[in-house]
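**Student:** Input target-v4.cif, format and content: mmCIF, C-alpha atoms and all ligand atoms; chains and numbers go by the auth columns.
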data_input
loop_
_atom_site.group_PDB
_atom_site.id
_atom_site.type_symbol
_atom_site.label_atom_id
_atom_site.label_comp_id
_atom_site.label_asym_id
_atom_site.label_seq_id
_atom_site.Cartn_x
_atom_site.Cartn_y
_atom_site.Cartn_z
_atom_site.B_iso_or_equiv
_atom_site.auth_seq_id
_atom_site.auth_asym_id
ATOM 1 C CA MET A 1 41.100 -33.308 -48.859 0.00 1 A
ATOM 2 C CA PRO A 2 43.283 -30.758 -50.689 0.00 2 A
ATOM 3 C CA THR A 3 41.284 -28.070 -52.478 0.00 3 A
ATOM 4 C CA LEU A 4 42.088 -25.943 -55.476 0.00 4 A
ATOM 5 C CA LEU A 5 40.138 -22.738 -56.045 0.00 5 A
ATOM 6 C CA HIS A 6 40.088 -21.913 -59.755 0.00 6 A
ATOM 7 C CA ILE A 7 39.362 -18.253 -60.457 0.00 7 A
ATOM 8 C CA ASN A 8 38.346 -18.313 -64.105 0.00 8 A
ATOM 9 C CA ALA A 9 38.645 -14.743 -65.435 0.00 9 A
ATOM 10 C CA CYS A 10 38.041 -15.697 -69.067 0.00 10 A
ATOM 11 C CA SER A 11 35.057 -14.147 -70.829 0.00 11 A
ATOM 12 C CA ARG A 12 34.986 -16.968 -73.372 0.00 12 A
ATOM 13 C CA PRO A 13 33.975 -20.626 -72.933 0.00 13 A
ATOM 14 C CA ARG A 14 36.375 -23.571 -72.961 0.00 14 A
ATOM 15 C CA SER A 15 35.625 -24.215 -76.655 0.00 15 A
ATOM 16 C CA GLN A 16 37.201 -20.814 -77.545 0.00 16 A
ATOM 17 C CA SER A 17 39.523 -19.685 -74.741 0.00 17 A
ATOM 18 C CA ARG A 18 43.255 -20.276 -75.156 0.00 18 A
ATOM 19 C CA SER A 19 43.832 -19.175 -71.557 0.00 19 A
ATOM 20 C CA LEU A 20 41.574 -21.939 -70.268 0.00 20 A
ATOM 21 C CA ARG A 21 43.581 -24.541 -72.146 0.00 21 A
ATOM 22 C CA VAL A 22 46.597 -23.483 -70.077 0.00 22 A
ATOM 23 C CA GLY A 23 44.500 -23.326 -66.890 0.00 23 A
ATOM 24 C CA ASP A 24 43.051 -26.789 -67.472 0.00 24 A
ATOM 25 C CA ALA A 25 46.545 -28.217 -68.046 0.00 25 A
ATOM 26 C CA PHE A 26 47.561 -26.864 -64.627 0.00 26 A
ATOM 27 C CA ILE A 27 44.496 -28.481 -63.060 0.00 27 A
ATOM 28 C CA GLU A 28 45.236 -31.789 -64.807 0.00 28 A
ATOM 29 C CA GLY A 29 48.777 -31.733 -63.372 0.00 29 A
ATOM 30 C CA TRP A 30 47.525 -30.833 -59.904 0.00 30 A
ATOM 31 C CA LYS A 31 44.871 -33.581 -59.967 0.00 31 A
ATOM 32 C CA SER A 32 47.456 -36.172 -61.012 0.00 32 A
ATOM 33 C CA ALA A 33 49.450 -35.306 -57.884 0.00 33 A
ATOM 34 C CA HIS A 34 46.364 -35.075 -55.619 0.00 34 A
ATOM 35 C CA LYS A 35 44.043 -37.943 -56.498 0.00 35 A
ATOM 36 C CA ASP A 36 41.626 -36.933 -53.728 0.00 36 A
ATOM 37 C CA GLY A 37 41.855 -33.230 -54.616 0.00 37 A
ATOM 38 C CA VAL A 38 38.722 -31.142 -55.075 0.00 38 A
ATOM 39 C CA VAL A 39 38.483 -28.305 -57.609 0.00 39 A
ATOM 40 C CA HIS A 40 36.072 -25.445 -57.051 0.00 40 A
ATOM 41 C CA GLU A 41 35.722 -23.124 -60.045 0.00 41 A
ATOM 42 C CA GLU A 42 34.358 -19.583 -60.006 0.00 42 A
ATOM 43 C CA VAL A 43 33.560 -18.221 -63.456 0.00 43 A
ATOM 44 C CA LEU A 44 33.902 -14.508 -62.748 0.00 44 A
ATOM 45 C CA PHE A 45 32.002 -13.299 -65.800 0.00 45 A
ATOM 46 C CA ARG A 46 28.915 -15.106 -64.419 0.00 46 A
ATOM 47 C CA GLU A 47 29.247 -13.534 -60.961 0.00 47 A
ATOM 48 C CA GLU A 48 27.898 -10.213 -59.748 0.00 48 A
ATOM 49 C CA LEU A 49 30.710 -9.857 -57.152 0.00 49 A
ATOM 50 C CA ALA A 50 30.906 -6.855 -54.790 0.00 50 A
ATOM 51 C CA MET A 51 32.162 -3.252 -54.869 0.00 51 A
ATOM 52 C CA ARG A 52 29.483 -1.852 -57.135 0.00 52 A
ATOM 53 C CA ASP A 53 28.342 1.261 -55.288 0.00 53 A
ATOM 54 C CA ALA A 54 28.542 3.489 -52.194 0.00 54 A
ATOM 55 C CA THR A 55 26.788 0.934 -49.935 0.00 55 A
ATOM 56 C CA ASP A 56 29.412 -1.714 -50.727 0.00 56 A
ATOM 57 C CA THR A 57 32.205 0.787 -50.162 0.00 57 A
ATOM 58 C CA ASN A 58 30.793 2.111 -46.888 0.00 58 A
ATOM 59 C CA ALA A 59 30.243 -1.427 -45.555 0.00 59 A
ATOM 60 C CA ARG A 60 33.898 -2.174 -46.217 0.00 60 A
ATOM 61 C CA ILE A 61 35.169 1.048 -44.655 0.00 61 A
ATOM 62 C CA ASP A 62 32.909 0.710 -41.587 0.00 62 A
ATOM 63 C CA ASN A 63 33.980 -2.915 -41.021 0.00 63 A
ATOM 64 C CA SER A 64 37.656 -2.072 -41.357 0.00 64 A
ATOM 65 C CA ARG A 65 37.149 0.520 -38.583 0.00 65 A
ATOM 66 C CA GLY A 66 35.641 -2.177 -36.337 0.00 66 A
ATOM 67 C CA ALA A 67 32.016 -0.927 -36.536 0.00 67 A
ATOM 68 C CA ASP A 68 29.071 -3.348 -36.175 0.00 68 A
ATOM 69 C CA LEU A 69 27.237 -3.511 -39.481 0.00 69 A
ATOM 70 C CA SER A 70 23.473 -3.748 -39.815 0.00 70 A
ATOM 71 C CA GLY A 71 20.771 -3.692 -42.483 0.00 71 A
ATOM 72 C CA GLU A 72 21.800 -3.274 -46.110 0.00 72 A
ATOM 73 C CA GLU A 73 25.498 -2.769 -45.253 0.00 73 A
ATOM 74 C CA LYS A 74 25.591 -6.077 -43.371 0.00 74 A
ATOM 75 C CA GLN A 75 23.938 -7.889 -46.275 0.00 75 A
ATOM 76 C CA ARG A 76 26.467 -6.454 -48.691 0.00 76 A
ATOM 77 C CA PHE A 77 29.366 -7.365 -46.401 0.00 77 A
ATOM 78 C CA ASP A 78 28.081 -10.926 -46.066 0.00 78 A
ATOM 79 C CA LYS A 79 27.913 -11.144 -49.851 0.00 79 A
ATOM 80 C CA MET A 80 31.566 -10.133 -50.068 0.00 80 A
ATOM 81 C CA CYS A 81 32.433 -12.799 -47.469 0.00 81 A
ATOM 82 C CA HIS A 82 30.715 -15.390 -49.659 0.00 82 A
ATOM 83 C CA TYR A 83 33.579 -14.881 -52.176 0.00 83 A
ATOM 84 C CA ILE A 84 36.259 -14.789 -49.490 0.00 84 A
ATOM 85 C CA GLU A 85 35.314 -18.058 -47.749 0.00 85 A
ATOM 86 C CA PRO A 86 36.473 -20.406 -50.547 0.00 86 A
ATOM 87 C CA LEU A 87 39.679 -18.413 -50.839 0.00 87 A
ATOM 88 C CA LYS A 88 40.476 -18.812 -47.145 0.00 88 A
ATOM 89 C CA LYS A 89 39.735 -22.555 -47.281 0.00 89 A
ATOM 90 C CA ALA A 90 41.759 -23.270 -50.440 0.00 90 A
ATOM 91 C CA ASP A 91 45.165 -24.965 -50.439 0.00 91 A
ATOM 92 C CA VAL A 92 45.892 -23.708 -53.950 0.00 92 A
ATOM 93 C CA LEU A 93 44.595 -20.624 -55.741 0.00 93 A
ATOM 94 C CA LEU A 94 44.788 -20.767 -59.526 0.00 94 A
ATOM 95 C CA ILE A 95 43.939 -17.669 -61.541 0.00 95 A
ATOM 96 C CA THR A 96 43.371 -18.221 -65.258 0.00 96 A
ATOM 97 C CA THR A 97 43.221 -15.019 -67.257 0.00 97 A
ATOM 98 C CA PRO A 98 43.938 -13.396 -70.603 0.00 98 A
ATOM 99 C CA MET A 99 45.684 -10.020 -70.778 0.00 99 A
ATOM 100 C CA TRP A 100 43.295 -7.188 -71.565 0.00 100 A
ATOM 101 C CA ASN A 101 44.800 -3.793 -72.325 0.00 101 A
ATOM 102 C CA PHE A 102 48.063 -4.683 -70.592 0.00 102 A
ATOM 103 C CA GLY A 103 46.346 -5.683 -67.358 0.00 103 A
ATOM 104 C CA PRO A 104 43.618 -7.950 -65.987 0.00 104 A
ATOM 105 C CA PRO A 105 40.092 -8.113 -67.447 0.00 105 A
ATOM 106 C CA TRP A 106 37.835 -5.843 -65.387 0.00 106 A
ATOM 107 C CA LYS A 107 36.076 -8.789 -63.741 0.00 107 A
ATOM 108 C CA LEU A 108 39.349 -10.009 -62.276 0.00 108 A
ATOM 109 C CA LYS A 109 40.096 -6.541 -60.914 0.00 109 A
ATOM 110 C CA GLN A 110 36.586 -6.577 -59.418 0.00 110 A
ATOM 111 C CA TRP A 111 37.323 -9.940 -57.772 0.00 111 A
ATOM 112 C CA ILE A 112 40.554 -8.540 -56.290 0.00 112 A
ATOM 113 C CA ASP A 113 38.577 -5.542 -54.984 0.00 113 A
ATOM 114 C CA THR A 114 35.972 -7.931 -53.577 0.00 114 A
ATOM 115 C CA VAL A 115 38.323 -10.235 -51.671 0.00 115 A
ATOM 116 C CA THR A 116 40.927 -7.743 -50.440 0.00 116 A
ATOM 117 C CA GLN A 117 39.537 -6.568 -47.117 0.00 117 A
ATOM 118 C CA ALA A 118 41.299 -5.292 -44.013 0.00 118 A
ATOM 119 C CA ARG A 119 40.789 -7.540 -40.953 0.00 119 A
ATOM 120 C CA VAL A 120 39.508 -10.356 -43.213 0.00 120 A
ATOM 121 C CA THR A 121 42.190 -11.129 -45.815 0.00 121 A
ATOM 122 C CA PHE A 122 44.933 -8.822 -44.519 0.00 122 A
ATOM 123 C CA GLU A 123 45.666 -6.898 -41.353 0.00 123 A
ATOM 124 C CA TYR A 124 47.946 -4.163 -40.133 0.00 124 A
ATOM 125 C CA THR A 125 50.275 -5.246 -37.336 0.00 125 A
ATOM 126 C CA SER A 126 53.057 -3.503 -35.400 0.00 126 A
ATOM 127 C CA GLU A 127 55.444 -5.172 -37.858 0.00 127 A
ATOM 128 C CA GLY A 128 53.540 -3.925 -40.899 0.00 128 A
ATOM 129 C CA PRO A 129 50.783 -5.343 -43.110 0.00 129 A
ATOM 130 C CA ARG A 130 50.199 -9.107 -43.024 0.00 130 A
ATOM 131 C CA GLY A 131 48.219 -11.305 -45.419 0.00 131 A
ATOM 132 C CA LEU A 132 45.722 -13.763 -43.942 0.00 132 A
ATOM 133 C CA VAL A 133 45.219 -16.115 -46.899 0.00 133 A
ATOM 134 C CA LYS A 134 47.245 -19.322 -46.627 0.00 134 A
ATOM 135 C CA ALA A 135 46.874 -20.745 -50.156 0.00 135 A
ATOM 136 C CA LYS A 136 49.766 -21.240 -52.539 0.00 136 A
ATOM 137 C CA GLY A 137 49.077 -19.482 -55.810 0.00 137 A
ATOM 138 C CA ALA A 138 49.681 -19.592 -59.566 0.00 138 A
ATOM 139 C CA ILE A 139 48.646 -17.316 -62.433 0.00 139 A
ATOM 140 C CA VAL A 140 48.237 -18.749 -65.933 0.00 140 A
ATOM 141 C CA GLY A 141 46.701 -17.729 -69.243 0.00 141 A
ATOM 142 C CA SER A 142 47.461 -16.265 -72.632 0.00 142 A
ATOM 143 C CA THR A 143 48.392 -12.954 -74.240 0.00 143 A
ATOM 144 C CA GLY A 144 48.031 -11.765 -77.830 0.00 144 A
ATOM 145 C CA GLY A 145 51.533 -10.245 -77.878 0.00 145 A
ATOM 146 C CA VAL A 146 54.843 -11.344 -76.403 0.00 146 A
ATOM 147 C CA TYR A 147 55.864 -9.991 -72.982 0.00 147 A
ATOM 148 C CA LYS A 148 58.561 -12.479 -72.020 0.00 148 A
ATOM 149 C CA GLU A 149 61.674 -11.499 -70.096 0.00 149 A
ATOM 150 C CA GLY A 150 64.028 -9.702 -72.460 0.00 150 A
ATOM 151 C CA ASP A 151 61.354 -8.913 -75.094 0.00 151 A
ATOM 152 C CA PRO A 152 60.863 -5.218 -75.987 0.00 152 A
ATOM 153 C CA ARG A 153 57.309 -5.338 -74.586 0.00 153 A
ATOM 154 C CA GLU A 154 58.316 -6.899 -71.255 0.00 154 A
ATOM 155 C CA THR A 155 57.789 -3.588 -69.416 0.00 155 A
ATOM 156 C CA HIS A 156 54.251 -3.237 -70.861 0.00 156 A
ATOM 157 C CA ASN A 157 53.088 -6.242 -68.880 0.00 157 A
ATOM 158 C CA PHE A 158 51.065 -4.840 -65.982 0.00 158 A
ATOM 159 C CA LEU A 159 49.100 -8.060 -65.638 0.00 159 A
ATOM 160 C CA THR A 160 51.369 -10.486 -63.809 0.00 160 A
ATOM 161 C CA PRO A 161 53.328 -7.942 -61.704 0.00 161 A
ATOM 162 C CA TYR A 162 50.026 -6.425 -60.556 0.00 162 A
ATOM 163 C CA LEU A 163 48.420 -9.785 -59.752 0.00 163 A
ATOM 164 C CA GLN A 164 51.528 -11.060 -57.968 0.00 164 A
ATOM 165 C CA TRP A 165 51.650 -7.916 -55.834 0.00 165 A
ATOM 166 C CA ALA A 166 47.904 -7.955 -55.071 0.00 166 A
ATOM 167 C CA LEU A 167 48.034 -11.661 -54.124 0.00 167 A
ATOM 168 C CA ALA A 168 51.137 -11.230 -51.964 0.00 168 A
ATOM 169 C CA TRP A 169 49.312 -8.440 -50.102 0.00 169 A
ATOM 170 C CA ILE A 170 46.637 -10.917 -48.944 0.00 170 A
ATOM 171 C CA GLY A 171 49.212 -13.619 -48.153 0.00 171 A
ATOM 172 C CA VAL A 172 49.566 -15.589 -51.421 0.00 172 A
ATOM 173 C CA LYS A 173 53.273 -15.040 -51.871 0.00 173 A
ATOM 174 C CA ASP A 174 55.503 -15.821 -54.858 0.00 174 A
ATOM 175 C CA ALA A 175 52.712 -16.958 -57.188 0.00 175 A
ATOM 176 C CA PRO A 176 54.467 -18.150 -60.375 0.00 176 A
ATOM 177 C CA ALA A 177 53.091 -17.106 -63.765 0.00 177 A
ATOM 178 C CA CYS A 178 52.827 -19.351 -66.840 0.00 178 A
ATOM 179 C CA PHE A 179 51.491 -17.784 -70.028 0.00 179 A
ATOM 180 C CA ALA A 180 51.145 -18.633 -73.708 0.00 180 A
ATOM 181 C CA HIS A 181 52.660 -15.430 -75.135 0.00 181 A
ATOM 182 C CA GLY A 182 51.942 -14.213 -78.662 0.00 182 A
ATOM 183 C CA VAL A 183 48.923 -16.335 -79.571 0.00 183 A
ATOM 184 C CA ASP A 184 47.594 -13.522 -81.812 0.00 184 A
ATOM 185 C CA ALA A 185 50.868 -11.877 -82.894 0.00 185 A
ATOM 186 C CA GLN A 186 52.365 -15.223 -83.933 0.00 186 A
ATOM 187 C CA LYS A 187 49.235 -16.923 -85.269 0.00 187 A
ATOM 188 C CA ASP A 188 51.129 -19.510 -87.318 0.00 188 A
ATOM 189 C CA LYS A 189 52.914 -20.726 -84.182 0.00 189 A
ATOM 190 C CA ALA A 190 49.958 -20.333 -81.818 0.00 190 A
ATOM 191 C CA GLU A 191 49.255 -24.056 -81.391 0.00 191 A
ATOM 192 C CA GLN A 192 52.891 -24.765 -80.542 0.00 192 A
ATOM 193 C CA ILE A 193 53.050 -21.813 -78.126 0.00 193 A
ATOM 194 C CA ILE A 194 49.901 -22.998 -76.352 0.00 194 A
ATOM 195 C CA ALA A 195 51.116 -26.613 -76.209 0.00 195 A
ATOM 196 C CA GLU A 196 54.404 -25.493 -74.623 0.00 196 A
ATOM 197 C CA ALA A 197 52.618 -23.308 -72.080 0.00 197 A
ATOM 198 C CA CYS A 198 50.251 -26.200 -71.272 0.00 198 A
ATOM 199 C CA GLU A 199 53.186 -28.507 -70.622 0.00 199 A
ATOM 200 C CA LYS A 200 54.799 -25.967 -68.288 0.00 200 A
ATOM 201 C CA ALA A 201 51.482 -25.369 -66.531 0.00 201 A
ATOM 202 C CA ARG A 202 50.918 -29.127 -66.101 0.00 202 A
ATOM 203 C CA ARG A 203 54.323 -29.461 -64.416 0.00 203 A
ATOM 204 C CA LEU A 204 53.648 -26.411 -62.263 0.00 204 A
ATOM 205 C CA GLY A 205 50.322 -27.915 -61.155 0.00 205 A
ATOM 206 C CA MET A 206 51.979 -31.235 -60.313 0.00 206 A
ATOM 207 C CA GLY A 207 54.384 -29.450 -58.002 0.00 207 A
ATOM 208 C CA MET A 208 51.708 -27.632 -55.987 0.00 208 A
HETATM 209 C C1 LIG B . 39.485 -6.483 -74.845 0.00 1 B
HETATM 210 C C2 LIG B . 40.796 -7.154 -75.187 0.00 1 B
HETATM 211 C C3 LIG B . 41.983 -6.526 -74.871 0.00 1 B
HETATM 212 C C4 LIG B . 43.213 -7.136 -75.167 0.00 1 B
HETATM 213 N N1 LIG B . 44.366 -6.524 -74.806 0.00 1 B
HETATM 214 C C5 LIG B . 45.541 -7.132 -75.054 0.00 1 B
HETATM 215 C C6 LIG B . 46.775 -6.534 -74.663 0.00 1 B
HETATM 216 O O1 LIG B . 46.840 -5.471 -74.075 0.00 1 B
HETATM 217 N N2 LIG B . 47.928 -7.199 -74.955 0.00 1 B
HETATM 218 C C7 LIG B . 47.935 -8.394 -75.600 0.00 1 B
HETATM 219 O O2 LIG B . 48.999 -8.949 -75.820 0.00 1 B
HETATM 220 N N3 LIG B . 46.779 -8.990 -75.975 0.00 1 B
HETATM 221 C C8 LIG B . 45.600 -8.388 -75.715 0.00 1 B
HETATM 222 N N4 LIG B . 44.431 -8.999 -76.080 0.00 1 B
HETATM 223 C C9 LIG B . 44.493 -10.335 -76.703 0.00 1 B
HETATM 224 C C10 LIG B . 44.254 -11.430 -75.677 0.00 1 B
HETATM 225 O O3 LIG B . 45.126 -11.322 -74.566 0.00 1 B
HETATM 226 C C11 LIG B . 44.485 -12.800 -76.336 0.00 1 B
HETATM 227 O O4 LIG B . 43.710 -12.922 -77.498 0.00 1 B
HETATM 228 C C12 LIG B . 44.148 -13.919 -75.365 0.00 1 B
HETATM 229 O O5 LIG B . 44.646 -15.126 -75.890 0.00 1 B
HETATM 230 C C13 LIG B . 42.661 -14.049 -75.151 0.00 1 B
HETATM 231 O O6 LIG B . 42.430 -15.090 -74.248 0.00 1 B
HETATM 232 P P1 LIG B . 41.246 -16.158 -74.450 0.00 1 B
HETATM 233 O O7 LIG B . 41.530 -16.919 -75.722 0.00 1 B
HETATM 234 O O8 LIG B . 41.333 -16.978 -73.217 0.00 1 B
HETATM 235 O O9 LIG B . 39.960 -15.354 -74.556 0.00 1 B
HETATM 236 C C14 LIG B . 43.214 -8.393 -75.808 0.00 1 B
HETATM 237 C C15 LIG B . 41.998 -9.019 -76.133 0.00 1 B
HETATM 238 C C16 LIG B . 40.804 -8.401 -75.833 0.00 1 B
HETATM 239 C C17 LIG B . 39.502 -9.107 -76.165 0.00 1 B
#
In structure tokens, how does this file's structure come out?
Ligand SMILES: Cc1cc2nc3c(=O)[nH]c(=O)nc-3n(C[C@H](O)[C@H](O)[C@H](O)COP(=O)(O)O)c2cc1C

**Tutor:**
Amino acid sequence: MPTLLHINACSRPRSQSRSLRVGDAFIEGWKSAHKDGVVHEEVLFREELAMRDATDTNARIDNSRGADLSGEEKQRFDKMCHYIEPLKKADVLLITTPMWNFGPPWKLKQWIDTVTQARVTFEYTSEGPRGLVKAKGAIVGSTGGVYKEGDPRETHNFLTPYLQWALAWIGVKDAPACFAHGVDAQKDKAEQIIAEACEKARRLGMGM
């Protein structure tokens, strides 16, 4: 059974979030191409996640050095693995996110910090670093302003280049992005912008 892991980085519910409209269109497209497909959604703003304090950090550093963990460090490491397991099992990773202050919402950065672990999701080899996650990926959502190729603000977009780089590091290479750009700056056209992004996302999902 093909599985899609949906990382929902939206702080707002489906009744309010424009990003989730685009994300759900992707899922609809993917489901139409994979009738037996299973979607597992993680709503990041409801999750505690890892990397909160020194114990989390030390557990990660000690494990990456090959040390055996025990006690509180082991518990914390196991908690981190709880978020990594669905990622390693997924055939498709979909991240749905708005842009916040030119980058990802803090919860999405926390998820990246939680799942990016040496010897678990990437490793160093004699040929250089290698990602260990096999899923294909896509990044969708919405932005208040317009950051499309050729627009004056294009270079202010630290969201998709950052996510694409961070995902490629753990093995999810060439994750395409599909965003509704300008949903706040172009309020009168917002519905049309979202509908067009949804259509693109649906097609993208069908192809994955
Ligand atoms: C805290 C915060 C920061 C934001 N920062 C940006 C930004 O840097 N650039 C931008 O274009 N829009 C920014 N926005 C607007 C959101 O990207 C836009 O409203 C988006 O559609 C929200 O997604 P949602 O409807 O899924 O919540 C910001 C919104 C919030 C709440």

**Student:** From the set A:Ala201, A:Val120, A:Ile170, A:Val115, which residue has the shortest atom-to-atom contact distance to Leu20 of chain A, counting all atoms listed in the file?

**Tutor:**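 For Leu20 of chain A, the nearest of the candidates is A:Ala201.
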
**Student:** Work out how far atom CA of Asp91 of chain A is from atom CA of Val38 of chain A, in Å to one decimal.

**Tutor:**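 Result for atom CA of Val38 of chain A versus atom CA of Asp91 of chain A: 10.1 Å, one decimal.
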
**Student:** Given all atoms listed in the file as the basis, pick out the residue of A:Gln164, A:Thr155, A:Thr3, A:Thr96 nearest to Arg18 of chain A.

**Tutor:**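 Ranked by minimum distance to Arg18 of chain A, first place goes to A:Thr96.
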
**Student:** Write out as a PyMOL selection string which residues come within 6 Å of Gly145 of chain A when counting all atoms listed in the file, dropping same-chain ones fewer than 5 positions away.

**Tutor:** chain A and resi 181-182+185

**Student:** Which of these residues is nearest to ligand LIG 1 (chain B), using all atoms listed in the file: A:Glu123, A:Asp53, A:Glu196, A:Asp184?

**Tutor:** A:Asp184

**Student:** Using all atoms listed in the file, which of the listed residues (A:Leu4, A:Ala90, A:Ala67, A:Ile61) sits closest to Glu28 of chain A?

**Tutor:**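 Among the listed residues, the smallest separation from Glu28 of chain A belongs to A:Leu4.
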
**Student:** How would you write, as a ChimeraX atom specification, the residues chosen by the PyMOL selection byres (((not hetatm)) within 9 of (chain B and resi 1)) on this structure?

**Tutor:** /A:9-14,16-22,96-105,141-147,156-157,180-185

**Student:** I need the chosen residues saved as a short mmCIF file (atom, residue, chain, number, x, y, z; two decimals), in the frame of the given file, with C-alpha atoms.

**Tutor:**
data_model
loop_
_atom_site.label_atom_id
_atom_site.label_comp_id
_atom_site.auth_asym_id
_atom_site.auth_seq_id
_atom_site.Cartn_x
_atom_site.Cartn_y
_atom_site.Cartn_z
CA ALA A 9 38.65 -14.74 -65.44
CA CYS A 10 38.04 -15.70 -69.07
CA SER A 11 35.06 -14.15 -70.83
CA ARG A 12 34.99 -16.97 -73.37
CA PRO A 13 33.98 -20.63 -72.93
CA ARG A 14 36.38 -23.57 -72.96
CA GLN A 16 37.20 -20.81 -77.54
CA SER A 17 39.52 -19.68 -74.74
CA ARG A 18 43.26 -20.28 -75.16
CA SER A 19 43.83 -19.18 -71.56
CA LEU A 20 41.57 -21.94 -70.27
CA ARG A 21 43.58 -24.54 -72.15
CA VAL A 22 46.60 -23.48 -70.08
CA THR A 96 43.37 -18.22 -65.26
CA THR A 97 43.22 -15.02 -67.26
CA PRO A 98 43.94 -13.40 -70.60
CA MET A 99 45.68 -10.02 -70.78
CA TRP A 100 43.30 -7.19 -71.56
CA ASN A 101 44.80 -3.79 -72.32
CA PHE A 102 48.06 -4.68 -70.59
CA GLY A 103 46.35 -5.68 -67.36
CA PRO A 104 43.62 -7.95 -65.99
CA PRO A 105 40.09 -8.11 -67.45
CA GLY A 141 46.70 -17.73 -69.24
CA SER A 142 47.46 -16.26 -72.63
CA THR A 143 48.39 -12.95 -74.24
CA GLY A 144 48.03 -11.76 -77.83
CA GLY A 145 51.53 -10.24 -77.88
CA VAL A 146 54.84 -11.34 -76.40
CA TYR A 147 55.86 -9.99 -72.98
CA HIS A 156 54.25 -3.24 -70.86
CA ASN A 157 53.09 -6.24 -68.88
CA ALA A 180 51.14 -18.63 -73.71
CA HIS A 181 52.66 -15.43 -75.14
CA GLY A 182 51.94 -14.21 -78.66
CA VAL A 183 48.92 -16.34 -79.57
CA ASP A 184 47.59 -13.52 -81.81
CA ALA A 185 50.87 -11.88 -82.89
#

**Student:** Counting only C-alpha atoms, what is within 12 Å of segment 135-137 of chain A, bar same-chain residues fewer than 4 positions away, as a PyMOL selection string?

**Tutor:** chain A and resi 2-7+26+86-96+121+131+163-168+170-178+204-205+207-208

**Student:** Centre and edge lengths, as JSON, for the axis-aligned box enclosing every listed atom of segment 43-52 of chain A with 8 Å of padding on each of the six sides, in Å to one decimal?

**Tutor:**
{"center_x": 30.9, "center_y": -10.0, "center_z": -60.3, "size_x": 22.0, "size_y": 32.4, "size_z": 27.0}

**Student:** On this structure, the PyMOL selection byres (((chain A and resi 29-31) around 7) and not hetatm) would catch which residues? List them as a ChimeraX atom specification, sorted by chain and number.

**Tutor:** /A:25-28,32-35,37,202-203,205-206,208

**Student:** Using only C-alpha atoms for the distances, tell me which of A:Asp68, A:Glu47, A:Asp36, A:Glu149 is nearest to His82 of chain A.

**Tutor:** A:Glu47

**Student:** Quick one: distance from atom CA of Pro129 of chain A to atom CA of Trp169 of chain A in Å, one decimal?

**Tutor:**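 Result for atom CA of Pro129 of chain A versus atom CA of Trp169 of chain A: 7.8 Å, one decimal.
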
**Student:** Between atom CA of Asp113 of chain A and atom CA of Ser64 of chain A, measure the distance and give it in Å to one decimal.

**Tutor:**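 Taking atom CA of Asp113 of chain A as the start and atom CA of Ser64 of chain A as the end point, the length is 14.1 Å.
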
**Student:** With only C-alpha atoms as the atoms that count, which of A:Asn8, A:Gln75, A:Thr57, A:Asn63 lies nearest to Leu44 of chain A?

**Tutor:**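 The answer is A:Asn8, which sits nearest to Leu44 of chain A.
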